[in-house]
$ cat run_34.cif   # mmCIF, C-alpha atoms
data_work
#
loop_
_atom_site.label_atom_id
_atom_site.label_comp_id
_atom_site.auth_asym_id
_atom_site.auth_seq_id
_atom_site.Cartn_x
_atom_site.Cartn_y
_atom_site.Cartn_z
CA PHE O 893 -99.26 75.67 41.34
CA LEU O 894 -100.89 76.64 44.63
CA SER O 895 -97.51 77.33 46.20
CA ARG O 896 -96.85 80.01 43.60
CA VAL O 897 -100.02 81.95 44.44
CA SER O 898 -99.93 84.75 46.99
CA LEU O 899 -102.81 87.00 48.02
CA ALA O 900 -102.59 90.33 49.70
CA ALA O 901 -104.86 91.02 52.65
CA GLU O 902 -106.34 93.88 50.66
CA ASP O 903 -107.32 91.46 47.86
CA ILE O 904 -109.08 89.22 50.32
CA SER O 905 -110.86 92.15 51.92
CA ASN O 906 -111.99 93.51 48.56
CA PHE O 907 -113.29 90.09 47.50
CA TYR O 908 -115.20 89.71 50.77
CA ASN O 909 -116.79 93.15 50.52
CA ALA O 910 -117.83 92.52 46.91
CA LYS O 911 -119.38 89.14 47.78
CA LYS O 912 -120.78 89.86 51.22
CA SER O 913 -124.22 88.45 50.43
CA SER O 914 -122.61 85.08 49.65
CA PHE O 915 -121.35 84.79 53.23
CA VAL O 916 -124.67 85.43 54.96
CA THR O 917 -126.11 82.43 56.81
CA GLU O 918 -129.80 81.94 57.45
CA GLU O 919 -131.14 81.95 60.98
CA SER O 920 -131.25 78.41 62.30
CA VAL O 921 -132.68 76.47 65.22
CA MET O 922 -132.23 73.25 67.12
CA LEU O 923 -135.42 71.96 68.72
CA GLU O 924 -136.60 69.62 71.42
CA TYR O 925 -140.10 68.34 70.68
CA VAL O 926 -142.76 65.81 71.58
CA VAL O 927 -145.66 64.39 69.63
CA LEU O 928 -148.93 62.92 70.89
CA ALA O 929 -151.08 60.49 68.91
CA ASN O 930 -153.70 57.87 69.65
CA ASP O 931 -150.92 55.24 69.85
CA ASN O 932 -149.82 56.84 73.12
CA PHE O 933 -153.03 55.53 74.69
CA ARG O 934 -152.98 51.93 73.42
CA ASP O 935 -151.65 50.62 76.73
CA GLN O 936 -154.76 52.01 78.43
CA VAL O 937 -157.17 50.10 76.20
CA SER O 938 -158.27 46.49 76.51
CA VAL O 939 -160.97 44.83 74.44
CA THR O 940 -163.09 42.19 76.13
CA GLU O 941 -164.57 39.12 74.47
CA GLU O 942 -167.98 40.57 75.21
CA ALA O 943 -167.17 43.78 73.32
CA LEU O 944 -165.84 41.78 70.37
CA ARG O 945 -168.99 39.68 70.22
CA ALA O 946 -171.18 42.77 70.38
CA ALA O 947 -169.25 44.41 67.53
CA TYR O 948 -169.59 41.24 65.48
CA GLU O 949 -173.33 41.03 66.07
CA THR O 950 -173.69 44.66 64.99
CA GLU O 951 -171.83 43.85 61.77
CA VAL O 952 -174.06 40.84 61.15
CA GLU O 953 -177.19 42.97 61.63
CA GLN O 954 -175.87 45.65 59.28
CA SER O 955 -175.02 43.11 56.60
CA ALA O 956 -178.60 41.85 56.61
CA ASN O 957 -179.69 45.32 55.48
CA GLU O 958 -176.96 45.68 52.86
CA SER O 959 -177.72 43.58 49.82
CA GLU O 960 -175.44 42.68 46.95
CA ARG O 961 -176.69 42.05 43.44
CA ARG O 962 -175.32 39.86 40.71
CA ALA O 963 -176.01 41.07 37.21
CA ARG O 964 -174.76 40.60 33.69
CA HIS O 965 -174.81 43.01 30.80
CA ILE O 966 -174.09 43.56 27.17
CA LEU O 967 -172.37 46.84 26.29
CA ILE O 968 -172.31 48.44 22.88
CA ALA O 969 -169.88 51.35 23.02
CA ASN O 970 -170.90 54.80 21.83
CA GLY O 971 -170.70 55.20 18.10
CA GLU O 972 -172.70 55.21 14.91
CA GLY O 973 -175.41 52.55 14.95
CA ALA O 974 -174.89 51.67 18.64
CA LEU O 975 -178.56 52.10 19.57
CA ASP O 976 -179.74 50.05 16.58
CA LYS O 977 -177.31 47.26 17.45
CA ILE O 978 -178.35 47.06 21.12
CA THR O 979 -182.05 47.18 20.12
CA ASN O 980 -181.48 44.28 17.74
CA LEU O 981 -179.75 42.28 20.48
CA LYS O 982 -182.70 42.85 22.82
CA ALA O 983 -185.03 41.52 20.12
CA GLN O 984 -182.89 38.40 19.80
CA ILE O 985 -183.07 37.81 23.56
CA VAL O 986 -186.86 38.19 23.47
CA LYS O 987 -186.94 35.51 20.76
CA GLY O 988 -185.00 33.12 22.99
CA GLU O 989 -181.35 33.75 22.14
CA ASP O 990 -178.99 33.06 25.04
CA PHE O 991 -177.93 36.28 26.81
CA ALA O 992 -174.47 34.97 27.74
CA GLU O 993 -173.68 33.84 24.21
CA LEU O 994 -174.72 37.19 22.77
CA ALA O 995 -172.59 38.99 25.37
CA THR O 996 -169.56 36.90 24.50
CA ARG O 997 -169.97 37.58 20.78
CA HIS O 998 -171.03 41.24 20.80
CA SER O 999 -170.28 43.04 24.09
CA ASP O 1000 -167.65 45.78 24.07
CA ASP O 1001 -166.94 45.28 27.79
CA ILE O 1002 -163.68 43.35 27.60
CA ALA O 1003 -163.70 42.74 31.36
CA SER O 1004 -166.92 40.70 31.32
CA LYS O 1005 -167.59 39.50 27.77
CA ASP O 1006 -165.62 36.26 28.23
CA THR O 1007 -167.86 35.34 31.20
CA GLY O 1008 -171.06 36.02 29.30
CA GLY O 1009 -171.29 39.59 30.63
CA ASP O 1010 -171.36 38.42 34.28
CA LEU O 1011 -170.38 41.28 36.61
CA GLY O 1012 -170.42 39.18 39.78
CA PHE O 1013 -171.89 40.31 43.08
CA ALA O 1014 -171.58 44.03 43.81
CA PRO O 1015 -173.11 46.37 46.43
CA LYS O 1016 -175.39 49.23 45.46
CA GLY O 1017 -173.57 52.23 44.09
CA THR O 1018 -170.93 50.24 42.21
CA PHE O 1019 -172.07 51.13 38.69
CA ALA O 1020 -172.99 54.28 36.78
CA PRO O 1021 -176.12 56.02 38.17
CA GLU O 1022 -178.25 55.22 35.10
CA PHE O 1023 -177.21 51.56 35.36
CA GLU O 1024 -178.04 51.48 39.08
CA GLN O 1025 -181.48 53.05 38.55
CA ILE O 1026 -182.50 50.32 36.13
CA LEU O 1027 -180.98 47.59 38.31
CA ASP O 1028 -183.13 48.81 41.22
CA LYS O 1029 -186.29 48.22 39.16
CA LEU O 1030 -185.48 44.86 37.59
CA ALA O 1031 -186.99 41.60 38.77
CA ILE O 1032 -184.65 38.61 38.99
CA ASN O 1033 -184.03 37.01 35.56
CA SER O 1034 -185.58 39.95 33.71
CA VAL O 1035 -183.73 41.93 31.01
CA SER O 1036 -183.86 45.70 30.69
CA GLU O 1037 -184.56 47.82 27.69
CA PRO O 1038 -181.43 49.58 26.29
CA VAL O 1039 -179.85 51.81 28.95
CA LYS O 1040 -177.62 54.74 28.03
CA THR O 1041 -174.57 55.59 30.18
CA GLN O 1042 -171.34 57.44 29.48
CA TYR O 1043 -169.89 54.14 28.24
CA GLY O 1044 -172.56 53.40 25.65
CA TYR O 1045 -175.77 51.32 25.57
CA HIS O 1046 -176.40 48.38 27.91
CA LEU O 1047 -178.78 45.48 28.22
CA ILE O 1048 -178.89 44.43 31.87
CA GLU O 1049 -180.13 41.20 33.42
CA LEU O 1050 -180.50 40.82 37.20
CA LEU O 1051 -179.45 37.29 38.23
CA GLU O 1052 -179.37 37.15 42.06
CA ILE O 1053 -179.73 39.22 45.22
CA ARG O 1054 -178.13 38.28 48.52
CA ALA O 1055 -177.31 39.82 51.87
CA ARG O 1056 -173.72 41.03 52.12
CA PRO O 1057 -171.74 38.04 53.35
CA VAL O 1058 -170.06 38.23 56.75
CA GLU O 1059 -166.93 36.29 57.62
CA PRO O 1060 -167.00 33.94 60.64
CA PHE O 1061 -166.31 35.46 64.03
CA ASP O 1062 -162.84 33.92 64.32
CA VAL O 1063 -161.82 35.52 61.02
CA SER O 1064 -163.39 38.90 61.80
CA ALA O 1065 -162.19 39.15 65.42
CA PRO O 1066 -158.64 40.52 64.78
CA ARG O 1067 -159.97 43.25 62.50
CA LEU O 1068 -162.79 44.13 64.91
CA ARG O 1069 -160.33 44.25 67.83
CA GLU O 1070 -158.17 46.77 65.97
CA ASP O 1071 -161.25 48.80 65.05
CA LEU O 1072 -162.35 48.95 68.69
CA ILE O 1073 -158.85 49.87 69.90
CA GLU O 1074 -158.58 52.59 67.24
CA ARG O 1075 -161.96 54.02 68.21
CA GLU O 1076 -161.14 54.07 71.93
CA THR O 1077 -157.64 55.52 71.51
CA ASP O 1078 -159.09 58.24 69.25
CA ARG O 1079 -161.55 59.06 72.03
CA LEU O 1080 -158.80 59.18 74.66
CA LEU O 1081 -156.66 61.41 72.47
CA SER O 1082 -159.54 63.80 71.94
CA ASN O 1083 -160.34 63.88 75.66
CA ASN O 1084 -156.72 64.59 76.63
CA LEU O 1085 -155.80 67.21 74.07
CA GLU O 1086 -156.98 70.17 76.14
CA GLU O 1087 -155.01 69.08 79.21
CA PHE O 1088 -151.96 68.29 77.05
CA SER O 1089 -152.17 71.77 75.50
CA ASN O 1090 -152.55 73.48 78.87
CA MET O 1091 -149.58 71.60 80.26
CA ALA O 1092 -147.47 72.53 77.23
CA PHE O 1093 -148.41 76.17 77.71
CA SER O 1094 -147.55 76.40 81.39
CA GLY O 1095 -145.11 73.54 81.96
CA SER O 1096 -142.15 71.74 80.47
CA LEU O 1097 -141.58 68.97 77.97
CA GLU O 1098 -140.36 66.84 80.86
CA GLU O 1099 -143.77 67.15 82.51
CA LEU O 1100 -145.47 66.03 79.31
CA LYS O 1101 -143.11 63.08 79.16
CA SER O 1102 -143.91 62.16 82.76
CA VAL O 1103 -147.68 62.35 82.36
CA TYR O 1104 -148.19 61.05 78.81
CA GLY O 1105 -145.15 58.88 78.25
CA VAL O 1106 -144.11 60.84 75.16
CA LYS O 1107 -140.48 60.82 74.09
CA ILE O 1108 -138.52 64.06 73.97
CA LYS O 1109 -136.68 64.17 70.65
CA THR O 1110 -133.98 66.58 69.53
CA THR O 1111 -133.41 67.81 65.98
CA GLU O 1112 -130.17 68.73 64.30
CA ALA O 1113 -129.78 72.44 63.65
CA PHE O 1114 -131.73 73.49 60.56
CA ASN O 1115 -132.91 76.59 58.74
CA ARG O 1116 -135.86 77.25 56.48
CA SER O 1117 -134.07 75.71 53.53
CA THR O 1118 -132.78 72.57 55.23
CA ALA O 1119 -135.85 71.69 57.33
CA SER O 1120 -137.00 68.12 56.76
CA GLY O 1121 -139.67 65.67 57.84
CA LEU O 1122 -142.44 67.12 59.97
CA PHE O 1123 -140.68 70.48 60.17
CA ALA O 1124 -140.58 70.95 56.41
CA LYS O 1125 -144.33 71.61 56.41
CA ASP O 1126 -145.27 75.26 55.91
CA ASP O 1127 -147.33 75.48 59.09
CA ALA O 1128 -144.57 73.94 61.20
CA LEU O 1129 -141.92 76.27 59.70
CA ARG O 1130 -144.07 79.29 60.43
CA ARG O 1131 -144.36 78.21 64.06
CA VAL O 1132 -140.68 77.33 64.44
CA PHE O 1133 -139.35 80.64 63.11
CA ASN O 1134 -141.33 82.75 65.53
CA GLU O 1135 -139.36 85.44 67.35
CA ALA O 1136 -141.39 84.94 70.53
CA LEU O 1137 -139.88 81.46 70.91
CA TYR O 1138 -136.24 82.18 70.06
CA ASP O 1139 -135.15 82.62 73.68
CA GLY O 1140 -136.20 79.05 74.49
CA GLU O 1141 -138.30 80.06 77.46
CA LEU O 1142 -141.66 78.97 76.01
CA ASN O 1143 -143.08 75.86 74.41
CA ALA O 1144 -144.86 76.29 71.11
CA GLU O 1145 -148.65 76.14 71.13
CA VAL O 1146 -149.79 72.55 70.53
CA PHE O 1147 -150.78 72.03 66.92
CA GLU O 1148 -151.74 69.19 64.58
CA VAL O 1149 -148.64 68.70 62.47
CA GLU O 1150 -150.34 66.01 60.38
CA PRO O 1151 -153.71 64.25 60.74
CA GLY O 1152 -153.95 62.68 64.19
CA LEU O 1153 -150.45 63.78 65.26
CA TRP O 1154 -150.14 66.69 67.71
CA MET O 1155 -146.89 68.46 68.54
CA THR O 1156 -145.26 71.00 70.77
CA PHE O 1157 -141.60 72.01 70.80
CA ARG O 1158 -139.12 74.29 72.49
CA ILE O 1159 -136.14 75.94 70.84
CA LYS O 1160 -132.97 74.52 72.36
CA GLU O 1161 -130.58 76.66 70.36
CA PHE O 1162 -131.11 79.65 68.07
CA LYS O 1163 -128.52 81.17 65.76
CA PRO O 1164 -129.43 84.51 64.18
CA LYS O 1165 -128.83 85.45 60.58
#
$ encode --input "run_34.cif" --output "structure tokens"
Amino acid sequence: FLSRVSLAAEDISNFYNAKKSSFVTEESVMLEYVVLANDNFRDQVSVTEEALRAAYETEVEQSANESERRARHILIANGEGALDKITNLKAQIVKGEDFAELATRHSDDIASKDTGGDLGFAPKGTFAPEFEQILDKLAINSVSEPVKTQYGYHLIELLEIRARPVEPFDVSAPRLREDLIERETDRLLSNNLEEFSNMAFSGSLEELKSVYGVKIKTTEAFNRSTASGLFAKDDALRRVFNEALYDGELNAEVFEVEPGLWMTFRIKEFKPK
């Protein structure tokens, strides 16, 4: 039926005037931008065998001062008669009943009851504070009095203490290498940020590319509603839609667009509202 419809110019004009707000477009921009992160400095970092060995020895020394404890417990969950029940279990242990058997039969900790209450080796700070305080005072193979935590009442037995185990050097080396590279690239990034910012302020994106090897990327045109990725963040949007930058003559002040990632940009094209 479209062929049967005819519209007068006046009708079109009246419709447009009545709906003017529907035809307004938001101001939009197209950007060129660069980002700088610690990865930009990886090529400048090399890790020697000597540095790896030193890092490993440091880890070995630290582990000697970081003990792990193996304990087992019986938990009676909060409820009527909980304290009486745990007190009765302690009396049975004093009389010679096997701790593990009692844990299997009576403990409310479903994660450990099938292993006789054994919690395995764990570093300090793993358990509830009240549990940890008692564990600090126990001698090996001794059983605590009832201990109250948010979970209920516990009987705790300390079984073993050992230094935190350290993997062999060959196993640890790849992880230590990455740690050392990460630490050094973080340092280089921090040391170069001021110069990078100064160059962005007074120079061009091409200069930043030449000095730091960053890639100049170009966005599609977007407005406040269609911004995506890094530019959808409130801080980035505020910086992008800044009248002082609309003419494309200046780079934006360098800012941290997300943790460890620093950016500057220049407006390549601006379309007003």
$ resolve_selection --input "run_34.cif" --expression "the PyMOL selection byres ((chain O and resi 1114-1130) around 6)" --output "PyMOL selection string"
chain O and resi 920-921+1113+1131-1133
$ closest_residue --input "run_34.cif" --among "O:Phe1093, O:Glu1098, O:Asn1134, O:Ala1065" --to "Thr940 (chain O)" --atoms "all atoms listed in the file"
O:Ala1065
$ resolve_selection --input "run_34.cif" --expression "the PyMOL selection byres ((chain O and resi 969-978) around 9)" --output "number ranges by chain"
O: 966-968, 979-983, 999-1001, 1038, 1040, 1042-1047
$ closest_residue --input "run_34.cif" --among "O:Arg997, O:Pro1066, O:Val1146, O:Gly1012" --to "Met1091 (chain O)" --atoms "all atoms listed in the file"
O:Val1146
$ resolve_selection --input "run_34.cif" --expression "the PyMOL selection byres ((chain O and resi 1017) around 12)" --output "short mmCIF file (atom, residue, chain, number, x, y, z; two decimals) with C-alpha atoms, in the coordinates of the input"
data_model
loop_
_atom_site.label_atom_id
_atom_site.label_comp_id
_atom_site.auth_asym_id
_atom_site.auth_seq_id
_atom_site.Cartn_x
_atom_site.Cartn_y
_atom_site.Cartn_z
CA GLU O 958 -176.96 45.68 52.86
CA SER O 959 -177.72 43.58 49.82
CA GLU O 960 -175.44 42.68 46.95
CA ARG O 961 -176.69 42.05 43.44
CA ALA O 1014 -171.58 44.03 43.81
CA PRO O 1015 -173.11 46.37 46.43
CA LYS O 1016 -175.39 49.23 45.46
CA THR O 1018 -170.93 50.24 42.21
CA PHE O 1019 -172.07 51.13 38.69
CA ALA O 1020 -172.99 54.28 36.78
CA PRO O 1021 -176.12 56.02 38.17
CA GLU O 1022 -178.25 55.22 35.10
CA PHE O 1023 -177.21 51.56 35.36
CA GLU O 1024 -178.04 51.48 39.08
CA GLN O 1025 -181.48 53.05 38.55
CA LEU O 1027 -180.98 47.59 38.31
CA ASP O 1028 -183.13 48.81 41.22
#
$ closest_residue --input "run_34.cif" --among "O:Glu941, O:Glu1049, O:Glu989, O:Glu924" --to "Thr1156 (chain O)" --atoms "all atoms listed in the file"
O:Glu924
$ closest_residue --input "run_34.cif" --among "O:Val927, O:Val939, O:Ala1031, O:Ala901" --to "Thr1077 (chain O)" --atoms "all atoms listed in the file"
O:Val939
$ atom_distance --input "run_34.cif" --atom1 "CA of Leu1153 (chain O)" --atom2 "CA of Glu1099 (chain O)"
18.8 Å
$ atom_distance --input "run_34.cif" --atom1 "CA of Asp931 (chain O)" --atom2 "CA of Glu1141 (chain O)"
28.9 Å
$ closest_residue --input "run_34.cif" --among "O:Arg962, O:Ser1004, O:Gln936, O:Pro1060" --to "Glu949 (chain O)" --atoms "only C-alpha atoms"
O:Pro1060
$ residues_around --input "run_34.cif" --residues "Leu1100 (chain O)" --least-positions-apart "4" --cutoff "12 Å" --atoms "all atoms listed in the file" --output "list in words"
Tyr925, Val926, Val927, Leu928, Asn932, Asn1084, Leu1085, Glu1087, Phe1088, Ser1089, Asn1090, Met1091, Ala1092, Phe1093, Ser1094, Gly1095, Ser1096, Tyr1104, Gly1105, Val1106, Lys1107, Ile1108, Asn1143, Val1146, Met1155, Thr1156 and Phe1157 of chain O
$ residues_around --input "run_34.cif" --residues "Ile1026 (chain O)" --least-positions-apart "5" --cutoff "9 Å" --atoms "only C-alpha atoms" --output "ChimeraX atom specification"
/O:1021,1036,1039,1048
$ build_atoms --input "run_34.cif" --residues "region 1039-1050 of chain O" --atoms "all heavy atoms" --output "PDB file, in the coordinates of the input"
ATOM      1  N   VAL O1039    -180.153  50.791  27.937  1.00  0.00           N
ATOM      2  CA  VAL O1039    -179.850  51.810  28.950  1.00  0.00           C
ATOM      3  C   VAL O1039    -178.620  52.592  28.503  1.00  0.00           C
ATOM      4  O   VAL O1039    -177.579  52.002  28.211  1.00  0.00           O
ATOM      5  CB  VAL O1039    -179.574  51.171  30.327  1.00  0.00           C
ATOM      6  CG1 VAL O1039    -179.272  52.248  31.371  1.00  0.00           C
ATOM      7  CG2 VAL O1039    -180.734  50.297  30.758  1.00  0.00           C
ATOM      8  N   LYS O1040    -178.744  53.903  28.467  1.00  0.00           N
ATOM      9  CA  LYS O1040    -177.620  54.740  28.030  1.00  0.00           C
ATOM     10  C   LYS O1040    -176.820  55.226  29.222  1.00  0.00           C
ATOM     11  O   LYS O1040    -177.365  55.755  30.195  1.00  0.00           O
ATOM     12  CB  LYS O1040    -178.164  55.962  27.268  1.00  0.00           C
ATOM     13  CG  LYS O1040    -177.081  56.920  26.745  1.00  0.00           C
ATOM     14  CD  LYS O1040    -176.356  56.337  25.554  1.00  0.00           C
ATOM     15  CE  LYS O1040    -175.492  57.396  24.853  1.00  0.00           C
ATOM     16  NZ  LYS O1040    -174.345  57.824  25.673  1.00  0.00           N
ATOM     17  N   THR O1041    -175.492  55.013  29.203  1.00  0.00           N
ATOM     18  CA  THR O1041    -174.570  55.590  30.180  1.00  0.00           C
ATOM     19  C   THR O1041    -173.437  56.263  29.411  1.00  0.00           C
ATOM     20  O   THR O1041    -173.411  56.251  28.177  1.00  0.00           O
ATOM     21  CB  THR O1041    -173.976  54.520  31.120  1.00  0.00           C
ATOM     22  OG1 THR O1041    -173.039  53.731  30.384  1.00  0.00           O
ATOM     23  CG2 THR O1041    -175.046  53.623  31.718  1.00  0.00           C
ATOM     24  N   GLN O1042    -172.483  56.780  30.139  1.00  0.00           N
ATOM     25  CA  GLN O1042    -171.340  57.440  29.480  1.00  0.00           C
ATOM     26  C   GLN O1042    -170.520  56.457  28.655  1.00  0.00           C
ATOM     27  O   GLN O1042    -169.747  56.858  27.783  1.00  0.00           O
ATOM     28  CB  GLN O1042    -170.453  58.101  30.528  1.00  0.00           C
ATOM     29  CG  GLN O1042    -169.861  57.124  31.540  1.00  0.00           C
ATOM     30  CD  GLN O1042    -168.988  57.801  32.570  1.00  0.00           C
ATOM     31  OE1 GLN O1042    -168.128  58.610  32.233  1.00  0.00           O
ATOM     32  NE2 GLN O1042    -169.212  57.491  33.841  1.00  0.00           N
ATOM     33  N   TYR O1043    -170.679  55.150  28.935  1.00  0.00           N
ATOM     34  CA  TYR O1043    -169.890  54.140  28.240  1.00  0.00           C
ATOM     35  C   TYR O1043    -170.539  53.655  26.944  1.00  0.00           C
ATOM     36  O   TYR O1043    -169.873  53.043  26.115  1.00  0.00           O
ATOM     37  CB  TYR O1043    -169.642  52.939  29.158  1.00  0.00           C
ATOM     38  CG  TYR O1043    -169.040  53.356  30.481  1.00  0.00           C
ATOM     39  CD1 TYR O1043    -169.809  53.352  31.654  1.00  0.00           C
ATOM     40  CD2 TYR O1043    -167.718  53.777  30.570  1.00  0.00           C
ATOM     41  CE1 TYR O1043    -169.257  53.755  32.860  1.00  0.00           C
ATOM     42  CE2 TYR O1043    -167.160  54.177  31.784  1.00  0.00           C
ATOM     43  CZ  TYR O1043    -167.946  54.169  32.918  1.00  0.00           C
ATOM     44  OH  TYR O1043    -167.396  54.572  34.109  1.00  0.00           O
ATOM     45  N   GLY O1044    -171.838  53.874  26.822  1.00  0.00           N
ATOM     46  CA  GLY O1044    -172.560  53.400  25.650  1.00  0.00           C
ATOM     47  C   GLY O1044    -173.941  52.903  26.040  1.00  0.00           C
ATOM     48  O   GLY O1044    -174.552  53.407  27.001  1.00  0.00           O
ATOM     49  N   TYR O1045    -174.437  51.888  25.310  1.00  0.00           N
ATOM     50  CA  TYR O1045    -175.770  51.320  25.570  1.00  0.00           C
ATOM     51  C   TYR O1045    -175.620  49.925  26.187  1.00  0.00           C
ATOM     52  O   TYR O1045    -174.806  49.117  25.742  1.00  0.00           O
ATOM     53  CB  TYR O1045    -176.575  51.224  24.276  1.00  0.00           C
ATOM     54  CG  TYR O1045    -176.974  52.568  23.722  1.00  0.00           C
ATOM     55  CD1 TYR O1045    -176.179  53.230  22.790  1.00  0.00           C
ATOM     56  CD2 TYR O1045    -178.161  53.185  24.128  1.00  0.00           C
ATOM     57  CE1 TYR O1045    -176.536  54.474  22.289  1.00  0.00           C
ATOM     58  CE2 TYR O1045    -178.524  54.433  23.624  1.00  0.00           C
ATOM     59  CZ  TYR O1045    -177.704  55.070  22.712  1.00  0.00           C
ATOM     60  OH  TYR O1045    -178.075  56.303  22.215  1.00  0.00           O
ATOM     61  N   HIS O1046    -176.447  49.663  27.199  1.00  0.00           N
ATOM     62  CA  HIS O1046    -176.400  48.380  27.910  1.00  0.00           C
ATOM     63  C   HIS O1046    -177.734  47.662  27.822  1.00  0.00           C
ATOM     64  O   HIS O1046    -178.800  48.300  27.811  1.00  0.00           O
ATOM     65  CB  HIS O1046    -176.114  48.583  29.405  1.00  0.00           C
ATOM     66  CG  HIS O1046    -174.926  49.424  29.726  1.00  0.00           C
ATOM     67  ND1 HIS O1046    -173.739  48.908  30.200  1.00  0.00           N
ATOM     68  CD2 HIS O1046    -174.739  50.779  29.660  1.00  0.00           C
ATOM     69  CE1 HIS O1046    -172.891  49.904  30.429  1.00  0.00           C
ATOM     70  NE2 HIS O1046    -173.477  51.037  30.107  1.00  0.00           N
ATOM     71  N   LEU O1047    -177.663  46.337  27.826  1.00  0.00           N
ATOM     72  CA  LEU O1047    -178.780  45.480  28.220  1.00  0.00           C
ATOM     73  C   LEU O1047    -178.363  44.841  29.535  1.00  0.00           C
ATOM     74  O   LEU O1047    -177.241  44.325  29.650  1.00  0.00           O
ATOM     75  CB  LEU O1047    -179.056  44.399  27.170  1.00  0.00           C
ATOM     76  CG  LEU O1047    -179.570  44.885  25.825  1.00  0.00           C
ATOM     77  CD1 LEU O1047    -179.690  43.708  24.863  1.00  0.00           C
ATOM     78  CD2 LEU O1047    -180.912  45.599  25.962  1.00  0.00           C
ATOM     79  N   ILE O1048    -179.228  44.890  30.524  1.00  0.00           N
ATOM     80  CA  ILE O1048    -178.890  44.430  31.870  1.00  0.00           C
ATOM     81  C   ILE O1048    -179.847  43.336  32.291  1.00  0.00           C
ATOM     82  O   ILE O1048    -181.070  43.470  32.134  1.00  0.00           O
ATOM     83  CB  ILE O1048    -178.975  45.582  32.884  1.00  0.00           C
ATOM     84  CG1 ILE O1048    -178.132  46.775  32.428  1.00  0.00           C
ATOM     85  CG2 ILE O1048    -178.538  45.112  34.267  1.00  0.00           C
ATOM     86  CD1 ILE O1048    -178.418  48.054  33.197  1.00  0.00           C
ATOM     87  N   GLU O1049    -179.298  42.256  32.842  1.00  0.00           N
ATOM     88  CA  GLU O1049    -180.130  41.200  33.420  1.00  0.00           C
ATOM     89  C   GLU O1049    -179.733  41.012  34.883  1.00  0.00           C
ATOM     90  O   GLU O1049    -178.553  40.840  35.202  1.00  0.00           O
ATOM     91  CB  GLU O1049    -179.954  39.874  32.681  1.00  0.00           C
ATOM     92  CG  GLU O1049    -180.843  38.762  33.245  1.00  0.00           C
ATOM     93  CD  GLU O1049    -180.720  37.443  32.525  1.00  0.00           C
ATOM     94  OE1 GLU O1049    -179.839  37.327  31.628  1.00  0.00           O
ATOM     95  OE2 GLU O1049    -181.487  36.520  32.848  1.00  0.00           O
ATOM     96  N   LEU O1050    -180.727  41.057  35.769  1.00  0.00           N
ATOM     97  CA  LEU O1050    -180.500  40.820  37.200  1.00  0.00           C
ATOM     98  C   LEU O1050    -180.583  39.313  37.452  1.00  0.00           C
ATOM     99  O   LEU O1050    -181.583  38.681  37.142  1.00  0.00           O
ATOM    100  CB  LEU O1050    -181.550  41.559  38.030  1.00  0.00           C
ATOM    101  CG  LEU O1050    -181.456  41.372  39.546  1.00  0.00           C
ATOM    102  CD1 LEU O1050    -180.124  41.874  40.086  1.00  0.00           C
ATOM    103  CD2 LEU O1050    -182.620  42.075  40.238  1.00  0.00           C
TER     104      LEU O1050
END
